[in-house]
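File shown: query_17.cif. Contents: mmCIF, C-alpha atoms.
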data_final
#
loop_
_atom_site.group_PDB
_atom_site.id
_atom_site.type_symbol
_atom_site.label_atom_id
_atom_site.label_comp_id
_atom_site.auth_asym_id
_atom_site.auth_seq_id
_atom_site.Cartn_x
_atom_site.Cartn_y
_atom_site.Cartn_z
ATOM 1 C CA MET A 250 85.844 94.398 91.425
ATOM 2 C CA ILE A 251 85.647 92.731 94.863
ATOM 3 C CA ARG A 252 83.335 93.664 97.728
ATOM 4 C CA ILE A 253 83.131 91.655 100.941
ATOM 5 C CA SER A 254 80.860 92.322 103.882
ATOM 6 C CA GLN A 255 81.259 90.878 107.387
ATOM 7 C CA LEU A 256 83.246 87.963 105.973
ATOM 8 C CA ALA A 257 84.478 85.551 108.637
ATOM 9 C CA LYS A 258 85.924 82.062 109.000
ATOM 10 C CA LYS A 259 86.087 79.798 112.032
ATOM 11 C CA TYR A 260 87.528 76.337 111.465
ATOM 12 C CA LYS A 261 85.839 73.310 112.955
ATOM 13 C CA ASN A 262 86.969 72.557 116.519
ATOM 14 C CA SER A 263 88.842 75.879 116.715
ATOM 15 C CA GLU A 264 88.179 78.253 119.609
ATOM 16 C CA ASN A 265 89.118 81.362 117.632
ATOM 17 C CA TYR A 266 88.213 82.876 114.293
ATOM 18 C CA ALA A 267 90.927 82.619 111.616
ATOM 19 C CA VAL A 268 89.306 85.640 109.948
ATOM 20 C CA LYS A 269 87.062 87.862 112.062
ATOM 21 C CA PRO A 270 84.118 89.666 110.417
ATOM 22 C CA LEU A 271 85.590 92.213 108.026
ATOM 23 C CA ASP A 272 84.587 94.516 105.194
ATOM 24 C CA LEU A 273 86.803 95.269 102.216
ATOM 25 C CA THR A 274 86.551 96.682 98.698
ATOM 26 C CA VAL A 275 89.123 96.139 95.945
ATOM 27 C CA HIS A 276 88.805 98.296 92.854
ATOM 28 C CA LYS A 277 89.222 97.253 89.236
ATOM 29 C CA THR A 278 92.863 97.034 88.025
ATOM 30 C CA GLU A 279 94.308 97.448 91.530
ATOM 31 C CA ILE A 280 97.278 95.499 92.796
ATOM 32 C CA PHE A 281 96.075 94.961 96.354
ATOM 33 C CA GLY A 282 98.479 93.557 98.935
ATOM 34 C CA LEU A 283 97.478 91.535 101.997
ATOM 35 C CA LEU A 284 100.304 91.751 104.515
ATOM 36 C CA GLY A 285 100.652 90.153 107.917
ATOM 37 C CA PRO A 286 102.606 87.696 110.081
ATOM 38 C CA ASN A 287 102.308 83.910 109.929
ATOM 39 C CA GLY A 288 98.851 82.800 111.013
ATOM 40 C CA ALA A 289 97.301 86.263 110.562
ATOM 41 C CA GLY A 290 94.570 84.979 108.222
ATOM 42 C CA LYS A 291 95.932 86.002 104.813
ATOM 43 C CA THR A 292 95.726 82.588 103.155
ATOM 44 C CA THR A 293 92.321 81.895 104.704
ATOM 45 C CA LEU A 294 91.002 85.179 103.325
ATOM 46 C CA ILE A 295 92.353 84.532 99.816
ATOM 47 C CA SER A 296 90.976 80.973 99.933
ATOM 48 C CA MET A 297 87.499 82.302 100.697
ATOM 49 C CA LEU A 298 87.695 84.990 98.015
ATOM 50 C CA SER A 299 88.755 82.472 95.383
ATOM 51 C CA GLY A 300 86.080 79.922 96.314
ATOM 52 C CA LEU A 301 88.449 77.320 97.737
ATOM 53 C CA LEU A 302 87.092 77.687 101.264
ATOM 54 C CA LYS A 303 83.528 78.219 102.467
ATOM 55 C CA PRO A 304 83.076 81.236 104.764
ATOM 56 C CA SER A 305 81.469 80.804 108.162
ATOM 57 C CA SER A 306 79.496 83.994 107.579
ATOM 58 C CA GLY A 307 79.378 87.115 105.426
ATOM 59 C CA THR A 308 79.066 87.811 101.700
ATOM 60 C CA ILE A 309 81.420 88.036 98.727
ATOM 61 C CA GLU A 310 80.689 89.885 95.485
ATOM 62 C CA ILE A 311 83.082 89.683 92.547
ATOM 63 C CA ASN A 312 82.473 91.876 89.522
ATOM 64 C CA GLN A 313 79.022 92.582 91.032
ATOM 65 C CA LEU A 314 78.214 88.856 91.084
ATOM 66 C CA ASN A 315 77.262 87.050 94.287
ATOM 67 C CA PHE A 316 79.519 84.058 94.945
ATOM 68 C CA ILE A 317 76.697 81.791 96.114
ATOM 69 C CA LYS A 318 74.390 82.498 93.165
ATOM 70 C CA ASN A 319 77.007 82.918 90.413
ATOM 71 C CA ARG A 320 79.832 80.559 91.351
ATOM 72 C CA THR A 321 80.471 79.237 87.811
ATOM 73 C CA GLN A 322 80.599 82.712 86.271
ATOM 74 C CA ILE A 323 82.950 83.922 88.978
ATOM 75 C CA GLN A 324 85.267 80.923 88.668
ATOM 76 C CA ASN A 325 85.709 81.762 84.985
ATOM 77 C CA LEU A 326 86.836 85.263 85.978
ATOM 78 C CA ILE A 327 89.498 84.300 88.506
ATOM 79 C CA GLY A 328 92.925 82.713 88.525
ATOM 80 C CA VAL A 329 94.624 81.265 91.605
ATOM 81 C CA VAL A 330 98.339 80.781 92.207
ATOM 82 C CA PRO A 331 98.803 79.010 95.567
ATOM 83 C CA GLN A 332 101.831 79.235 97.831
ATOM 84 C CA GLU A 333 102.509 75.511 97.454
ATOM 85 C CA TYR A 334 103.505 74.253 94.014
ATOM 86 C CA ALA A 335 100.363 72.972 92.283
ATOM 87 C CA LEU A 336 102.322 70.941 89.730
ATOM 88 C CA TYR A 337 102.862 67.283 88.859
ATOM 89 C CA PRO A 338 106.607 66.693 89.344
ATOM 90 C CA THR A 339 106.968 63.797 86.880
ATOM 91 C CA LEU A 340 105.255 65.690 84.040
ATOM 92 C CA THR A 341 107.100 68.213 81.909
ATOM 93 C CA ALA A 342 106.324 71.917 82.158
ATOM 94 C CA PHE A 343 104.440 71.720 78.857
ATOM 95 C CA GLU A 344 102.438 68.645 79.968
ATOM 96 C CA ASN A 345 101.525 70.326 83.260
ATOM 97 C CA LEU A 346 100.273 73.419 81.457
ATOM 98 C CA LEU A 347 98.337 71.369 78.902
ATOM 99 C CA TYR A 348 96.565 69.675 81.786
ATOM 100 C CA PHE A 349 95.770 72.861 83.702
ATOM 101 C CA GLY A 350 94.767 74.688 80.532
ATOM 102 C CA SER A 351 92.311 71.905 79.683
ATOM 103 C CA MET A 352 90.745 72.309 83.133
ATOM 104 C CA TYR A 353 89.845 75.867 82.106
ATOM 105 C CA GLY A 354 88.279 74.546 78.903
ATOM 106 C CA LEU A 355 91.152 75.605 76.638
ATOM 107 C CA ARG A 356 91.928 73.325 73.704
ATOM 108 C CA GLY A 357 93.987 72.730 70.602
ATOM 109 C CA THR A 358 96.228 75.208 68.848
ATOM 110 C CA TYR A 359 95.053 78.150 70.956
ATOM 111 C CA LEU A 360 96.144 76.424 74.174
ATOM 112 C CA LYS A 361 99.487 75.244 72.765
ATOM 113 C CA ASN A 362 100.300 78.700 71.391
ATOM 114 C CA ASN A 363 99.327 80.270 74.703
ATOM 115 C CA ILE A 364 101.612 77.898 76.619
ATOM 116 C CA HIS A 365 104.467 78.512 74.169
ATOM 117 C CA GLN A 366 104.167 82.295 74.514
ATOM 118 C CA SER A 367 103.831 82.173 78.309
ATOM 119 C CA LEU A 368 106.887 79.958 78.700
ATOM 120 C CA GLU A 369 108.849 82.300 76.455
ATOM 121 C CA ASN A 370 107.704 85.386 78.369
ATOM 122 C CA LEU A 371 108.890 83.878 81.650
ATOM 123 C CA GLY A 372 112.187 82.523 80.330
ATOM 124 C CA LEU A 373 111.227 78.852 80.411
ATOM 125 C CA LEU A 374 110.698 77.879 76.775
ATOM 126 C CA LYS A 375 113.938 75.914 76.461
ATOM 127 C CA PHE A 376 112.894 73.833 79.482
ATOM 128 C CA ALA A 377 109.357 73.134 78.198
ATOM 129 C CA ASN A 378 109.964 69.396 77.784
ATOM 130 C CA LYS A 379 111.874 68.849 81.024
ATOM 131 C CA GLN A 380 110.227 67.231 84.043
ATOM 132 C CA VAL A 381 109.210 69.769 86.670
ATOM 133 C CA ARG A 382 110.931 67.754 89.411
ATOM 134 C CA THR A 383 114.275 68.808 87.880
ATOM 135 C CA PHE A 384 113.455 72.527 88.131
ATOM 136 C CA SER A 385 114.809 75.017 90.639
ATOM 137 C CA GLY A 386 112.412 76.724 93.051
ATOM 138 C CA GLY A 387 112.307 79.865 90.922
ATOM 139 C CA MET A 388 111.480 77.883 87.782
ATOM 140 C CA LYS A 389 108.661 76.036 89.571
ATOM 141 C CA ARG A 390 107.271 79.363 90.799
ATOM 142 C CA ARG A 391 107.152 80.651 87.227
ATOM 143 C CA VAL A 392 105.395 77.520 85.922
ATOM 144 C CA ASN A 393 103.008 77.778 88.882
ATOM 145 C CA LEU A 394 102.194 81.346 87.835
ATOM 146 C CA ILE A 395 101.595 80.388 84.207
ATOM 147 C CA ALA A 396 99.182 77.630 85.282
ATOM 148 C CA GLY A 397 97.017 80.239 86.998
ATOM 149 C CA ILE A 398 96.875 82.726 84.100
ATOM 150 C CA LEU A 399 96.491 80.592 80.956
ATOM 151 C CA HIS A 400 92.789 81.460 80.742
ATOM 152 C CA GLN A 401 93.541 85.205 81.075
ATOM 153 C CA PRO A 402 91.600 85.840 84.296
ATOM 154 C CA LYS A 403 90.204 89.251 85.172
ATOM 155 C CA ILE A 404 91.199 88.727 88.819
ATOM 156 C CA LEU A 405 94.381 86.959 89.924
ATOM 157 C CA PHE A 406 94.889 85.673 93.487
ATOM 158 C CA LEU A 407 98.529 85.149 94.453
ATOM 159 C CA ASP A 408 99.659 83.651 97.750
ATOM 160 C CA GLU A 409 103.348 84.441 98.348
ATOM 161 C CA PRO A 410 104.273 84.258 94.626
ATOM 162 C CA THR A 411 107.963 85.066 95.157
ATOM 163 C CA VAL A 412 108.720 83.162 98.357
ATOM 164 C CA GLY A 413 111.947 81.186 98.269
ATOM 165 C CA VAL A 414 113.094 82.258 94.796
ATOM 166 C CA ASP A 415 116.302 83.812 93.534
ATOM 167 C CA VAL A 416 116.514 87.523 92.721
ATOM 168 C CA GLN A 417 116.383 86.957 88.955
ATOM 169 C CA SER A 418 113.216 84.846 89.125
ATOM 170 C CA LYS A 419 111.634 87.341 91.511
ATOM 171 C CA ASN A 420 112.287 90.199 89.091
ATOM 172 C CA VAL A 421 110.837 88.235 86.160
ATOM 173 C CA ILE A 422 107.703 87.388 88.168
ATOM 174 C CA ILE A 423 107.205 90.975 89.368
ATOM 175 C CA GLU A 424 107.649 92.434 85.884
ATOM 176 C CA HIS A 425 105.171 89.933 84.479
ATOM 177 C CA LEU A 426 102.633 90.833 87.169
ATOM 178 C CA LYS A 427 103.023 94.506 86.255
ATOM 179 C CA GLN A 428 102.420 93.627 82.616
ATOM 180 C CA LEU A 429 99.279 91.649 83.490
ATOM 181 C CA ASN A 430 98.024 94.547 85.579
ATOM 182 C CA SER A 431 98.621 96.983 82.698
ATOM 183 C CA GLN A 432 96.282 94.745 80.682
ATOM 184 C CA GLU A 433 93.548 95.389 83.306
ATOM 185 C CA THR A 434 94.010 92.297 85.467
ATOM 186 C CA THR A 435 93.138 92.998 89.097
ATOM 187 C CA ILE A 436 95.686 91.362 91.406
ATOM 188 C CA ILE A 437 95.247 90.320 95.051
ATOM 189 C CA TYR A 438 98.528 89.262 96.554
ATOM 190 C CA THR A 439 99.900 88.166 99.924
ATOM 191 C CA SER A 440 103.517 88.640 100.849
ATOM 192 C CA HIS A 441 106.044 88.908 103.654
ATOM 193 C CA HIS A 442 108.262 91.116 101.484
ATOM 194 C CA MET A 443 107.534 94.682 102.579
ATOM 195 C CA PHE A 444 109.809 96.386 100.050
ATOM 196 C CA GLU A 445 108.285 94.335 97.238
ATOM 197 C CA ALA A 446 104.771 95.264 98.367
ATOM 198 C CA GLN A 447 105.706 98.925 98.694
ATOM 199 C CA GLN A 448 107.000 98.999 95.119
ATOM 200 C CA LEU A 449 104.265 96.872 93.550
ATOM 201 C CA CYS A 450 100.960 97.537 95.307
ATOM 202 C CA THR A 451 98.528 100.360 94.691
ATOM 203 C CA ARG A 452 96.980 99.701 98.126
ATOM 204 C CA VAL A 453 97.658 97.321 100.991
ATOM 205 C CA ALA A 454 95.837 95.972 104.027
ATOM 206 C CA ILE A 455 97.768 94.830 107.090
ATOM 207 C CA ILE A 456 96.133 91.865 108.838
ATOM 208 C CA ASP A 457 96.783 90.563 112.322
ATOM 209 C CA ASN A 458 94.813 87.996 114.346
ATOM 210 C CA GLY A 459 92.200 87.778 111.597
ATOM 211 C CA LYS A 460 91.486 91.543 111.537
ATOM 212 C CA ILE A 461 92.471 94.327 109.159
ATOM 213 C CA ILE A 462 94.314 96.821 111.366
ATOM 214 C CA ALA A 463 95.370 99.275 108.645
ATOM 215 C CA LYS A 464 94.782 99.869 104.954
ATOM 216 C CA GLY A 465 95.657 102.459 102.341
ATOM 217 C CA THR A 466 98.321 103.229 99.791
ATOM 218 C CA PRO A 467 101.885 102.533 100.950
ATOM 219 C CA THR A 468 102.584 106.278 100.901
ATOM 220 C CA GLU A 469 99.495 107.055 103.012
ATOM 221 C CA LEU A 470 100.464 104.479 105.635
ATOM 222 C CA ILE A 471 104.073 105.665 105.770
ATOM 223 C CA ASN A 472 103.023 109.318 106.137
ATOM 224 C CA ALA A 473 100.536 108.423 108.895
ATOM 225 C CA THR A 474 103.145 106.587 111.003
ATOM 226 C CA LYS A 475 105.593 108.565 113.114
ATOM 227 C CA ASP A 476 109.234 108.247 112.004
ATOM 228 C CA ALA A 477 108.323 105.722 109.289
ATOM 229 C CA LYS A 478 110.349 105.911 106.087
ATOM 230 C CA ARG A 479 109.199 102.678 104.472
ATOM 231 C CA LEU A 480 106.346 100.191 104.646
ATOM 232 C CA GLU A 481 108.372 97.842 106.831
ATOM 233 C CA ASP A 482 108.502 100.555 109.534
ATOM 234 C CA VAL A 483 104.699 100.820 109.416
ATOM 235 C CA TYR A 484 104.354 97.043 109.624
ATOM 236 C CA LEU A 485 106.639 96.705 112.653
ATOM 237 C CA ASN A 486 104.952 99.649 114.380
ATOM 238 C CA LEU A 487 101.567 97.941 114.058
ATOM 239 C CA ILE A 488 102.498 94.272 114.445
ATOM 240 C CA GLY A 489 105.479 94.520 116.797
ATOM 241 C CA GLY A 490 108.814 92.756 116.587
ATOM 242 C CA GLU A 491 108.066 89.552 118.489
ATOM 243 C CA LEU A 492 108.321 86.203 116.733
ATOM 244 C CA ARG A 493 105.073 84.742 115.371
ATOM 245 C CA ASP A 494 105.951 81.070 115.111
ATOM 246 C CA TYR A 495 102.939 78.764 115.173
ATOM 247 C CA VAL A 496 101.971 75.129 114.517
#
Rewrite the structure from the file as structure tokens, please.
Amino acid sequence: MIRISQLAKKYKNSENYAVKPLDLTVHKTEIFGLLGPNGAGKTTLISMLSGLLKPSSGTIEINQLNFIKNRTQIQNLIGVVPQEYALYPTLTAFENLLYFGSMYGLRGTYLKNNIHQSLENLGLLKFANKQVRTFSGGMKRRVNLIAGILHQPKILFLDEPTVGVDVQSKNVIIEHLKQLNSQETTIIYTSHHMFEAQQLCTRVAIIDNGKIIAKGTPTELINATKDAKRLEDVYLNLIGGELRDYV
């Protein structure tokens, strides 16, 4: 579903590459996790794959389509759920989703029914006509997710979709992602939650300093790491335990 070759990104006036030349293949219907510390290059990589950021070099193919030659076709195939809330706080949940749905070319009764069903599925229907600024973090995360899937994308990019939410909202989001994946949606997802990634992902790649330093199924990585019993042990073995604060 996704094939990248020697993909790299160096920001203007930066001495170092945010993403160093890398190759990666993601198969159809996978839930593929991108794991790494702050500043490792996860968000930059997802931004390039979803067309939000122009690579410095390398190629991207999505569903066997070249991103440069087939940008419009590819954009119709993908959905993006950013880490920051991409919502208008003074609009209601329903108004936000009407707006974002219209950006995908959805209209009329089909769009309204889709919004209604999505809000119900994620436990938000009774808050449909409330302003988003009154919502909790978990509620905003769920509306944010709906905004990225109204057009039923074949590939869904998620950047930290459960960060800063309560346990109940996290469980609802994870179960909904599993349901989407069972309907043949390929999911690319970044996270700091190792247990969540271990339970959810079919394969993961661990990124540090713009490079992929390990990839495979969670079980493969655990079995290949001495004394590791969980994905977090693998992560700490590869990345180390030092703080990765950056500005």
CA of Val453 (chain A) to CA of Leu284 (chain A), straight-line distance in Å: 7.1 Å
Counting only C-alpha atoms, the option among A:Gly413, A:Gly459, A:Gly465, A:Gly354 closest to Ser385 (chain A): A:Gly413
Within 12 Å of file point (102.5, 76.7, 95.0), counting all atoms listed in the file, expressed as a ChimeraX atom specification: /A:329-337,386-397,406-414
Using only the atoms of region 388-405 of chain A listed in the file, plus 8 Å on each side, state the axis-aligned box centre and edge lengths in Å rounded to one decimal, as JSON.
{"center_x": 100.8, "center_y": 82.6, "center_z": 85.8, "size_x": 37.3, "size_y": 29.2, "size_z": 26.1}
From A:Lys379, A:Lys460, A:Lys427, A:Arg356, residue lying nearest Pro338 (chain A) [all atoms listed in the file]: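 Of the candidates, the smallest distance to Pro338 (chain A) is held by A:Lys379.
Each of A:Gln324, A:Ser440, A:Thr292, A:Gln380 was compared to Ile404 (chain A) using all atoms listed in the file, and A:Gln324 turns out to be the nearest.
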Contact residues around Ile309 (chain A) with all atoms listed in the file at 12 Å, ignoring same-chain residues under 2 positions, as a ChimeraX atom specification: /A:250-257,271-275,294-300,303-307,311-320,323
Might you spell out which residues the PyMOL selection byres ((chain A and resi 447) around 12) would select in the displayed file, as a PDB file with C-alpha atoms, in the frame of the given file?
ATOM      1  CA  ILE A 280      97.278  95.499  92.796  1.00  0.00           C
ATOM      2  CA  PHE A 281      96.075  94.961  96.354  1.00  0.00           C
ATOM      3  CA  GLY A 282      98.479  93.557  98.935  1.00  0.00           C
ATOM      4  CA  LEU A 283      97.478  91.535 101.997  1.00  0.00           C
ATOM      5  CA  LEU A 284     100.304  91.751 104.515  1.00  0.00           C
ATOM      6  CA  SER A 440     103.517  88.640 100.849  1.00  0.00           C
ATOM      7  CA  HIS A 441     106.044  88.908 103.654  1.00  0.00           C
ATOM      8  CA  HIS A 442     108.262  91.116 101.484  1.00  0.00           C
ATOM      9  CA  MET A 443     107.534  94.682 102.579  1.00  0.00           C
ATOM     10  CA  PHE A 444     109.809  96.386 100.050  1.00  0.00           C
ATOM     11  CA  GLU A 445     108.285  94.335  97.238  1.00  0.00           C
ATOM     12  CA  ALA A 446     104.771  95.264  98.367  1.00  0.00           C
ATOM     13  CA  GLN A 448     107.000  98.999  95.119  1.00  0.00           C
ATOM     14  CA  LEU A 449     104.265  96.872  93.550  1.00  0.00           C
ATOM     15  CA  CYS A 450     100.960  97.537  95.307  1.00  0.00           C
ATOM     16  CA  THR A 451      98.528 100.360  94.691  1.00  0.00           C
ATOM     17  CA  ARG A 452      96.980  99.701  98.126  1.00  0.00           C
ATOM     18  CA  VAL A 453      97.658  97.321 100.991  1.00  0.00           C
ATOM     19  CA  ALA A 454      95.837  95.972 104.027  1.00  0.00           C
ATOM     20  CA  GLY A 465      95.657 102.459 102.341  1.00  0.00           C
ATOM     21  CA  THR A 466      98.321 103.229  99.791  1.00  0.00           C
ATOM     22  CA  PRO A 467     101.885 102.533 100.950  1.00  0.00           C
ATOM     23  CA  THR A 468     102.584 106.278 100.901  1.00  0.00           C
ATOM     24  CA  GLU A 469      99.495 107.055 103.012  1.00  0.00           C
ATOM     25  CA  LEU A 470     100.464 104.479 105.635  1.00  0.00           C
ATOM     26  CA  ILE A 471     104.073 105.665 105.770  1.00  0.00           C
ATOM     27  CA  LYS A 478     110.349 105.911 106.087  1.00  0.00           C
ATOM     28  CA  ARG A 479     109.199 102.678 104.472  1.00  0.00           C
ATOM     29  CA  LEU A 480     106.346 100.191 104.646  1.00  0.00           C
ATOM     30  CA  GLU A 481     108.372  97.842 106.831  1.00  0.00           C
ATOM     31  CA  ASP A 482     108.502 100.555 109.534  1.00  0.00           C
ATOM     32  CA  VAL A 483     104.699 100.820 109.416  1.00  0.00           C
ATOM     33  CA  TYR A 484     104.354  97.043 109.624  1.00  0.00           C
TER      34      TYR A 484
END
Coordinates-based distance that separates CA of Glu433 (chain A) from CA of Ala289 (chain A) (Å, one decimal): 29.0 Å
Take region 374-406 of chain A from the preceding structure and save N, CA and C atoms as a PDB file, in the first residue's frame.
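Generated file (part_20.pdb):
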ATOM      1  N   LEU A 374     -22.909  11.578  20.115  1.00  0.00           N
ATOM      2  CA  LEU A 374     -24.114  12.067  19.445  1.00  0.00           C
ATOM      3  C   LEU A 374     -24.877  13.080  20.289  1.00  0.00           C
ATOM      4  N   LYS A 375     -24.956  12.864  21.583  1.00  0.00           N
ATOM      5  CA  LYS A 375     -25.722  13.787  22.431  1.00  0.00           C
ATOM      6  C   LYS A 375     -25.033  15.144  22.600  1.00  0.00           C
ATOM      7  N   PHE A 376     -23.769  15.221  22.160  1.00  0.00           N
ATOM      8  CA  PHE A 376     -23.040  16.492  22.236  1.00  0.00           C
ATOM      9  C   PHE A 376     -22.870  17.127  20.858  1.00  0.00           C
ATOM     10  N   ALA A 377     -23.598  16.626  19.856  1.00  0.00           N
ATOM     11  CA  ALA A 377     -23.408  17.056  18.469  1.00  0.00           C
ATOM     12  C   ALA A 377     -23.557  18.562  18.295  1.00  0.00           C
ATOM     13  N   ASN A 378     -24.460  19.178  19.053  1.00  0.00           N
ATOM     14  CA  ASN A 378     -24.753  20.598  18.867  1.00  0.00           C
ATOM     15  C   ASN A 378     -24.133  21.484  19.951  1.00  0.00           C
ATOM     16  N   LYS A 379     -23.119  20.948  20.617  1.00  0.00           N
ATOM     17  CA  LYS A 379     -22.362  21.726  21.597  1.00  0.00           C
ATOM     18  C   LYS A 379     -21.075  22.248  20.966  1.00  0.00           C
ATOM     19  N   GLN A 380     -20.656  23.448  21.356  1.00  0.00           N
ATOM     20  CA  GLN A 380     -19.416  24.001  20.832  1.00  0.00           C
ATOM     21  C   GLN A 380     -18.217  23.158  21.272  1.00  0.00           C
ATOM     22  N   VAL A 381     -17.293  22.953  20.362  1.00  0.00           N
ATOM     23  CA  VAL A 381     -16.136  22.109  20.640  1.00  0.00           C
ATOM     24  C   VAL A 381     -15.278  22.670  21.770  1.00  0.00           C
ATOM     25  N   ARG A 382     -15.281  23.980  21.956  1.00  0.00           N
ATOM     26  CA  ARG A 382     -14.470  24.575  23.022  1.00  0.00           C
ATOM     27  C   ARG A 382     -14.909  24.120  24.408  1.00  0.00           C
ATOM     28  N   THR A 383     -16.118  23.576  24.530  1.00  0.00           N
ATOM     29  CA  THR A 383     -16.611  23.087  25.821  1.00  0.00           C
ATOM     30  C   THR A 383     -16.252  21.623  26.053  1.00  0.00           C
ATOM     31  N   PHE A 384     -15.634  20.973  25.090  1.00  0.00           N
ATOM     32  CA  PHE A 384     -15.365  19.538  25.174  1.00  0.00           C
ATOM     33  C   PHE A 384     -14.109  19.243  25.995  1.00  0.00           C
ATOM     34  N   SER A 385     -14.077  18.065  26.577  1.00  0.00           N
ATOM     35  CA  SER A 385     -12.865  17.569  27.222  1.00  0.00           C
ATOM     36  C   SER A 385     -11.849  17.172  26.141  1.00  0.00           C
ATOM     37  N   GLY A 386     -10.603  16.911  26.581  1.00  0.00           N
ATOM     38  CA  GLY A 386      -9.578  16.501  25.629  1.00  0.00           C
ATOM     39  C   GLY A 386      -9.937  15.219  24.893  1.00  0.00           C
ATOM     40  N   GLY A 387     -10.500  14.249  25.613  1.00  0.00           N
ATOM     41  CA  GLY A 387     -10.882  12.994  24.989  1.00  0.00           C
ATOM     42  C   GLY A 387     -11.978  13.161  23.959  1.00  0.00           C
ATOM     43  N   MET A 388     -12.929  14.048  24.235  1.00  0.00           N
ATOM     44  CA  MET A 388     -14.013  14.314  23.279  1.00  0.00           C
ATOM     45  C   MET A 388     -13.465  14.992  22.023  1.00  0.00           C
ATOM     46  N   LYS A 389     -12.553  15.950  22.202  1.00  0.00           N
ATOM     47  CA  LYS A 389     -11.944  16.609  21.041  1.00  0.00           C
ATOM     48  C   LYS A 389     -11.169  15.614  20.198  1.00  0.00           C
ATOM     49  N   ARG A 390     -10.453  14.688  20.848  1.00  0.00           N
ATOM     50  CA  ARG A 390      -9.705  13.669  20.112  1.00  0.00           C
ATOM     51  C   ARG A 390     -10.647  12.837  19.236  1.00  0.00           C
ATOM     52  N   ARG A 391     -11.814  12.505  19.782  1.00  0.00           N
ATOM     53  CA  ARG A 391     -12.749  11.674  19.021  1.00  0.00           C
ATOM     54  C   ARG A 391     -13.347  12.441  17.840  1.00  0.00           C
ATOM     55  N   VAL A 392     -13.657  13.724  18.034  1.00  0.00           N
ATOM     56  CA  VAL A 392     -14.144  14.537  16.911  1.00  0.00           C
ATOM     57  C   VAL A 392     -13.042  14.686  15.868  1.00  0.00           C
ATOM     58  N   ASN A 393     -11.814  14.892  16.342  1.00  0.00           N
ATOM     59  CA  ASN A 393     -10.653  14.999  15.455  1.00  0.00           C
ATOM     60  C   ASN A 393     -10.518  13.754  14.582  1.00  0.00           C
ATOM     61  N   LEU A 394     -10.728  12.591  15.190  1.00  0.00           N
ATOM     62  CA  LEU A 394     -10.656  11.329  14.446  1.00  0.00           C
ATOM     63  C   LEU A 394     -11.758  11.253  13.393  1.00  0.00           C
ATOM     64  N   ILE A 395     -12.978  11.599  13.782  1.00  0.00           N
ATOM     65  CA  ILE A 395     -14.092  11.537  12.836  1.00  0.00           C
ATOM     66  C   ILE A 395     -13.826  12.433  11.623  1.00  0.00           C
ATOM     67  N   ALA A 396     -13.264  13.619  11.870  1.00  0.00           N
ATOM     68  CA  ALA A 396     -12.995  14.557  10.771  1.00  0.00           C
ATOM     69  C   ALA A 396     -12.065  13.960   9.724  1.00  0.00           C
ATOM     70  N   GLY A 397     -11.192  13.044  10.147  1.00  0.00           N
ATOM     71  CA  GLY A 397     -10.236  12.453   9.222  1.00  0.00           C
ATOM     72  C   GLY A 397     -10.728  11.203   8.511  1.00  0.00           C
ATOM     73  N   ILE A 398     -11.924  10.696   8.907  1.00  0.00           N
ATOM     74  CA  ILE A 398     -12.388   9.427   8.320  1.00  0.00           C
ATOM     75  C   ILE A 398     -13.767   9.528   7.670  1.00  0.00           C
ATOM     76  N   LEU A 399     -14.334  10.728   7.597  1.00  0.00           N
ATOM     77  CA  LEU A 399     -15.678  10.877   7.031  1.00  0.00           C
ATOM     78  C   LEU A 399     -15.755  10.374   5.595  1.00  0.00           C
ATOM     79  N   HIS A 400     -14.673  10.535   4.842  1.00  0.00           N
ATOM     80  CA  HIS A 400     -14.668  10.138   3.433  1.00  0.00           C
ATOM     81  C   HIS A 400     -14.233   8.684   3.234  1.00  0.00           C
ATOM     82  N   GLN A 401     -14.115   7.943   4.348  1.00  0.00           N
ATOM     83  CA  GLN A 401     -13.776   6.516   4.318  1.00  0.00           C
ATOM     84  C   GLN A 401     -12.473   6.260   3.552  1.00  0.00           C
ATOM     85  N   PRO A 402     -11.369   6.794   4.063  1.00  0.00           N
ATOM     86  CA  PRO A 402     -10.084   6.644   3.370  1.00  0.00           C
ATOM     87  C   PRO A 402      -9.580   5.203   3.392  1.00  0.00           C
ATOM     88  N   LYS A 403      -8.787   4.866   2.389  1.00  0.00           N
ATOM     89  CA  LYS A 403      -8.156   3.550   2.338  1.00  0.00           C
ATOM     90  C   LYS A 403      -6.921   3.494   3.231  1.00  0.00           C
ATOM     91  N   ILE A 404      -6.305   4.676   3.445  1.00  0.00           N
ATOM     92  CA  ILE A 404      -5.124   4.778   4.305  1.00  0.00           C
ATOM     93  C   ILE A 404      -5.360   5.903   5.301  1.00  0.00           C
ATOM     94  N   LEU A 405      -5.119   5.616   6.580  1.00  0.00           N
ATOM     95  CA  LEU A 405      -5.345   6.602   7.636  1.00  0.00           C
ATOM     96  C   LEU A 405      -4.041   6.863   8.359  1.00  0.00           C
ATOM     97  N   PHE A 406      -3.616   8.152   8.385  1.00  0.00           N
ATOM     98  CA  PHE A 406      -2.418   8.577   9.098  1.00  0.00           C
ATOM     99  C   PHE A 406      -2.835   9.196  10.426  1.00  0.00           C
TER     100      PHE A 406
END
